[in-house]
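Have a look at input-v6.tsv below; it lists TSV, C-alpha atoms.
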```tsv
chain	number	residue	atom	x	y	z
A	22	MET	CA	20.13	-131.73	-30.80
A	23	LYS	CA	18.62	-135.15	-31.50
A	24	GLN	CA	19.97	-135.04	-35.05
A	25	PHE	CA	23.43	-134.23	-33.70
A	26	LYS	CA	23.31	-137.30	-31.40
A	27	THR	CA	22.22	-139.48	-34.33
A	28	PHE	CA	24.99	-138.05	-36.50
A	29	ALA	CA	27.59	-138.57	-33.72
A	30	ILE	CA	26.49	-142.18	-33.20
A	31	ALA	CA	26.59	-142.83	-36.96
A	32	ALA	CA	30.08	-141.29	-37.17
A	33	VAL	CA	31.37	-143.40	-34.26
A	34	LEU	CA	29.91	-146.58	-35.76
A	35	THR	CA	31.38	-145.76	-39.17
A	36	MET	CA	34.83	-145.13	-37.73
A	37	GLY	CA	34.59	-148.36	-35.75
A	38	MET	CA	33.70	-150.31	-38.88
A	39	VAL	CA	36.58	-148.71	-40.81
A	40	GLN	CA	38.98	-149.69	-38.04
A	41	MET	CA	37.59	-153.23	-38.03
A	42	ALA	CA	38.03	-153.44	-41.79
A	43	ASN	CA	41.62	-152.25	-41.49
A	44	ALA	CA	42.35	-154.70	-38.69
A	45	GLN	CA	41.17	-157.57	-40.87
A	46	LYS	CA	43.60	-156.84	-43.70
A	47	VAL	CA	45.91	-159.69	-42.86
A	48	ALA	CA	47.49	-162.08	-45.33
A	49	HIS	CA	50.01	-164.90	-45.22
A	50	ILE	CA	52.82	-166.16	-47.40
A	51	ASN	CA	55.34	-168.98	-47.30
A	52	PHE	CA	58.44	-166.78	-47.38
A	53	GLU	CA	60.82	-169.73	-47.62
A	54	GLU	CA	59.04	-171.01	-50.73
A	55	VAL	CA	59.26	-167.57	-52.37
A	56	VAL	CA	63.01	-167.35	-51.78
A	57	ALA	CA	63.62	-170.99	-52.75
A	58	ASN	CA	61.86	-170.54	-56.11
A	59	MET	CA	63.52	-167.29	-57.12
A	60	PRO	CA	65.83	-167.65	-60.15
A	61	GLU	CA	68.65	-166.02	-58.19
A	62	THR	CA	68.39	-168.70	-55.50
A	63	LEU	CA	68.40	-171.51	-58.05
A	64	LYS	CA	71.52	-170.03	-59.68
A	65	LEU	CA	73.15	-169.64	-56.26
A	66	GLN	CA	72.49	-173.29	-55.45
A	67	ALA	CA	74.03	-174.38	-58.74
A	68	ASP	CA	77.09	-172.17	-58.15
A	69	LEU	CA	77.53	-173.49	-54.59
A	70	GLU	CA	77.21	-177.09	-55.79
A	71	LYS	CA	79.88	-176.45	-58.42
A	72	LEU	CA	82.21	-174.85	-55.88
A	73	GLY	CA	81.48	-177.64	-53.39
A	74	LYS	CA	82.34	-180.24	-56.02
A	75	THR	CA	85.63	-178.44	-56.72
A	76	TYR	CA	86.50	-178.51	-53.04
A	77	GLY	CA	85.31	-182.10	-52.78
A	78	ASP	CA	87.57	-183.16	-55.65
A	79	GLU	CA	90.51	-181.35	-54.08
A	80	ILE	CA	89.89	-183.04	-50.73
A	81	THR	CA	89.44	-186.45	-52.35
A	82	THR	CA	92.73	-186.04	-54.22
A	83	ALA	CA	94.50	-185.12	-50.98
A	84	GLN	CA	92.95	-188.10	-49.19
A	85	LYS	CA	94.02	-190.49	-51.96
A	86	ALA	CA	97.57	-189.12	-51.84
A	87	LEU	CA	97.60	-189.56	-48.07
A	88	LYS	CA	96.34	-193.13	-48.36
A	89	ALA	CA	99.05	-193.93	-50.92
A	90	LYS	CA	101.64	-192.42	-48.59
A	91	ILE	CA	100.33	-194.47	-45.65
A	92	ASP	CA	100.36	-197.65	-47.73
A	93	LYS	CA	103.93	-196.95	-48.85
A	94	TYR	CA	105.12	-196.16	-45.32
A	95	THR	CA	103.39	-199.24	-43.95
A	96	ALA	CA	105.08	-201.46	-46.54
A	97	GLU	CA	108.50	-199.92	-45.77
A	98	GLU	CA	108.02	-199.86	-42.01
A	99	ILE	CA	110.09	-202.95	-41.35
A	100	SER	CA	113.11	-201.73	-43.32
A	101	LYS	CA	113.21	-198.32	-41.58
A	102	THR	CA	114.56	-197.32	-38.18
A	103	ALA	CA	112.30	-196.37	-35.30
A	104	ALA	CA	113.30	-192.69	-35.68
A	105	GLN	CA	112.43	-192.74	-39.38
A	106	ASN	CA	109.08	-194.41	-38.66
A	107	GLU	CA	108.26	-191.81	-36.00
A	108	GLU	CA	109.14	-189.04	-38.44
A	109	ARG	CA	106.83	-190.61	-41.01
A	110	ILE	CA	104.01	-190.87	-38.45
A	111	LYS	CA	104.36	-187.15	-37.73
A	112	GLU	CA	104.31	-186.43	-41.45
A	113	VAL	CA	101.10	-188.45	-41.90
A	114	GLN	CA	99.50	-186.67	-38.93
A	115	GLU	CA	100.42	-183.28	-40.40
A	116	ASP	CA	98.91	-184.29	-43.73
A	117	GLN	CA	95.72	-185.40	-41.96
A	118	GLY	CA	95.59	-182.05	-40.18
A	119	LYS	CA	95.99	-180.21	-43.49
A	120	ILE	CA	93.11	-182.20	-44.98
A	121	GLN	CA	90.89	-181.40	-42.00
A	122	GLN	CA	91.83	-177.74	-42.24
A	123	LEU	CA	91.01	-177.77	-45.96
A	124	GLN	CA	87.60	-179.28	-45.19
A	125	GLN	CA	86.89	-176.58	-42.60
A	126	VAL	CA	88.01	-173.76	-44.89
A	127	ALA	CA	85.86	-175.14	-47.71
A	128	GLN	CA	82.81	-175.38	-45.47
A	129	GLN	CA	83.32	-171.86	-44.10
A	130	GLU	CA	83.81	-170.37	-47.54
A	131	LEU	CA	80.67	-172.06	-48.86
A	132	GLN	CA	78.67	-170.72	-45.90
A	133	GLN	CA	80.05	-167.20	-46.34
A	134	LYS	CA	79.32	-167.17	-50.06
A	135	GLU	CA	75.80	-168.46	-49.45
A	136	LYS	CA	75.06	-165.83	-46.81
A	137	ALA	CA	76.51	-162.99	-48.88
A	138	ALA	CA	74.50	-164.03	-51.93
A	139	LEU	CA	71.27	-164.73	-50.02
A	140	ASP	CA	71.05	-161.30	-48.36
A	141	PRO	CA	70.14	-159.40	-51.57
A	142	ILE	CA	67.80	-162.22	-52.65
A	143	ILE	CA	65.94	-162.04	-49.33
A	144	LYS	CA	65.76	-158.26	-49.57
A	145	LYS	CA	64.30	-158.50	-53.09
A	146	ALA	CA	61.67	-161.00	-51.90
A	147	GLN	CA	60.74	-158.77	-48.95
A	148	GLU	CA	60.38	-155.76	-51.23
A	149	ALA	CA	58.14	-157.72	-53.60
A	150	ILE	CA	55.96	-158.85	-50.69
A	151	LYS	CA	55.71	-155.26	-49.41
A	152	ALA	CA	54.75	-154.03	-52.88
A	153	VAL	CA	52.03	-156.67	-53.32
A	154	ALA	CA	50.72	-156.03	-49.79
A	155	LYS	CA	50.59	-152.29	-50.44
A	156	GLU	CA	48.84	-152.85	-53.77
A	157	LYS	CA	46.22	-155.01	-52.05
A	158	SER	CA	45.94	-152.65	-49.02
A	159	ILE	CA	47.12	-155.38	-46.66
A	160	VAL	CA	48.39	-154.15	-43.32
A	161	TYR	CA	49.99	-157.33	-41.95
A	162	VAL	CA	51.67	-160.22	-43.76
A	163	LEU	CA	52.52	-163.28	-41.68
A	164	ASP	CA	54.75	-166.21	-42.55
A	165	ALA	CA	52.50	-169.17	-43.32
A	166	LYS	CA	54.87	-171.63	-41.63
A	167	ALA	CA	54.16	-170.01	-38.25
A	168	LEU	CA	50.37	-170.16	-38.56
A	169	ILE	CA	48.04	-172.90	-37.51
A	170	VAL	CA	44.98	-171.59	-39.35
A	171	LEU	CA	45.46	-170.10	-42.81
A	172	GLU	CA	42.17	-168.35	-43.53
A	173	GLY	CA	43.55	-164.99	-44.65
A	174	GLU	CA	44.62	-164.16	-48.16
A	175	ASP	CA	47.62	-166.08	-49.52
A	176	LEU	CA	50.00	-163.65	-51.24
A	177	LEU	CA	52.23	-166.38	-52.67
A	178	PRO	CA	50.69	-166.44	-56.16
A	179	ALA	CA	50.73	-162.64	-56.48
A	180	VAL	CA	54.33	-162.36	-55.23
A	181	LYS	CA	55.47	-165.15	-57.55
A	182	THR	CA	53.88	-163.30	-60.46
A	183	SER	CA	55.53	-160.08	-59.33
A	184	LEU	CA	58.94	-161.77	-59.25
A	185	GLY	CA	58.39	-163.67	-62.51
A	186	ILE	CA	58.39	-167.07	-60.83
A	187	GLN	CA	56.21	-169.80	-62.29
```
Can I see the file as structure tokens?
Amino acid sequence: MKQFKTFAIAAVLTMGMVQMANAQKVAHINFEEVVANMPETLKLQADLEKLGKTYGDEITTAQKALKAKIDKYTAEEISKTAAQNEERIKEVQEDQGKIQQLQQVAQQELQQKEKAALDPIIKKAQEAIKAVAKEKSIVYVLDAKALIVLEGEDLLPAVKTSLGIQ
């Protein structure tokens, strides 16, 4: 009976230590840095910059045309009737509205393209983190930006290697 008690105590202590060891398998990673350094993200940024420049050029061209129209209408203001000048003011206001609408559409499209392209990139990064954590028998992975003390294992180097990021 005494041996059974000793065995039971040893078993309880062993299980407690195993649970403690499992509870301590926590690591951290800067998720934002992983995503930012992925080749897909870098390509996305370049594509968005190119598209943004295209929109920017289009908007700048429209603004220059509007300025030329305003300058012309201002120079001819004296030789035109009040009704003609009012019609021209409305025309200028409509053109300004079109430019603002173009700016809004450009911004919305850029945001939509970024979100649509980022979703699979984020998923790929999450899968890589899960794979590295599983390989290292890590139970919890926390985002390093939310932590005050970073004493656990940093998975960033292993995940970067897994994703082929230098």
| query | So how many Å separate CA of Asn51 (chain A) and CA of Ala167 (chain A), to one decimal? | reply |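 These two atoms are separated by 9.2 Å.
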| said: Can you pull out the residues contacting Pro141 (chain A)? Cut-off 12 Å, using only C-alpha atoms, and skip same-chain residues under 6 positions away; I want them as a list in words. | reply: Val56, Met59, Glu61, Thr62, Leu65, Glu135, Gln147 and Glu148 of chain A
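Using all atoms listed in the file, the nearest neighbour of Val113 (chain A) within the list A:Tyr94, A:Tyr161, A:Phe52, A:Tyr76 is A:Tyr94.
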| query | With distances taken over all atoms listed in the file, which of A:Ser158, A:Thr182, A:Gln129, A:Gln84 is nearest to Gln117 (chain A)? | reply |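 Among the listed residues, the smallest separation from Gln117 (chain A) belongs to A:Gln84.
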| So how many Å separate CA of Ala86 (chain A) and CA of Glu70 (chain A), to one decimal? | 24.0 Å
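Relative to CA of Lys74 (chain A), CA of Ile186 (chain A) is found at 27.8 Å.
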| message | For Leu87 (chain A), find every residue with an atom within 10 Å (counting all atoms listed in the file), except residues of its own chain fewer than 5 positions away, and show them as a list of chain:residue names. | response | A:Thr81, A:Thr82, A:Asp92, A:Lys93, A:Glu112, A:Val113, A:Gln114, A:Asp116, A:Gln117, A:Ile120
Writing out the chosen residues with C-alpha atoms as a compact mmCIF listing (two decimals), in the coordinates of the input:
```txt
# COMPACT_ATOMS: atom_id res chain seq x y z
CA THR A 81 89.44 -186.45 -52.35
CA THR A 82 92.73 -186.04 -54.22
CA ASP A 92 100.36 -197.65 -47.73
CA LYS A 93 103.93 -196.95 -48.85
CA GLU A 112 104.31 -186.43 -41.45
CA VAL A 113 101.10 -188.45 -41.90
CA GLN A 114 99.50 -186.67 -38.93
CA ASP A 116 98.91 -184.29 -43.73
CA GLN A 117 95.72 -185.40 -41.96
CA ILE A 120 93.11 -182.20 -44.98
```
| query | Given the choices A:Ala146, A:Leu123, A:Ile80, A:Ala138, which gets closest to Glu54 (chain A) if the distance is worked out from all atoms listed in the file? | reply |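 Counting all atoms listed in the file, the residue closest to Glu54 (chain A) is A:Ala146.
Compared by their closest atoms to His49 (chain A), and using all atoms listed in the file, the residues A:Ala83, A:Leu168, A:Ala149, A:Leu72 rank with A:Leu168 nearest.
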| message | When you count only C-alpha atoms, which of these residues is closest to Val47 (chain A): A:Val126, A:Ala96, A:Leu69, A:Ala154? | response |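 Nearest candidate to Val47 (chain A) out of A:Val126, A:Ala96, A:Leu69, A:Ala154: A:Ala154.
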| request: Between A:Ala165, A:Lys101, A:Glu172, A:Ala179, single out the one closest to Ile50 (chain A), counting all atoms listed in the file. | output: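 Of A:Ala165, A:Lys101, A:Glu172, A:Ala179, the one nearest Ile50 (chain A) is A:Ala165, counting all atoms listed in the file.
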Would you give the centre and edge lengths, in Å to one decimal, of a box along x, y and z around the listed atoms of region 93-102 of chain A, with 5 Å added to each side, as lines of an AutoDock Vina configuration file?
```
center_x = 109.0
center_y = -199.6
center_z = -43.5
size_x = 21.2
size_y = 16.8
size_z = 20.7
```
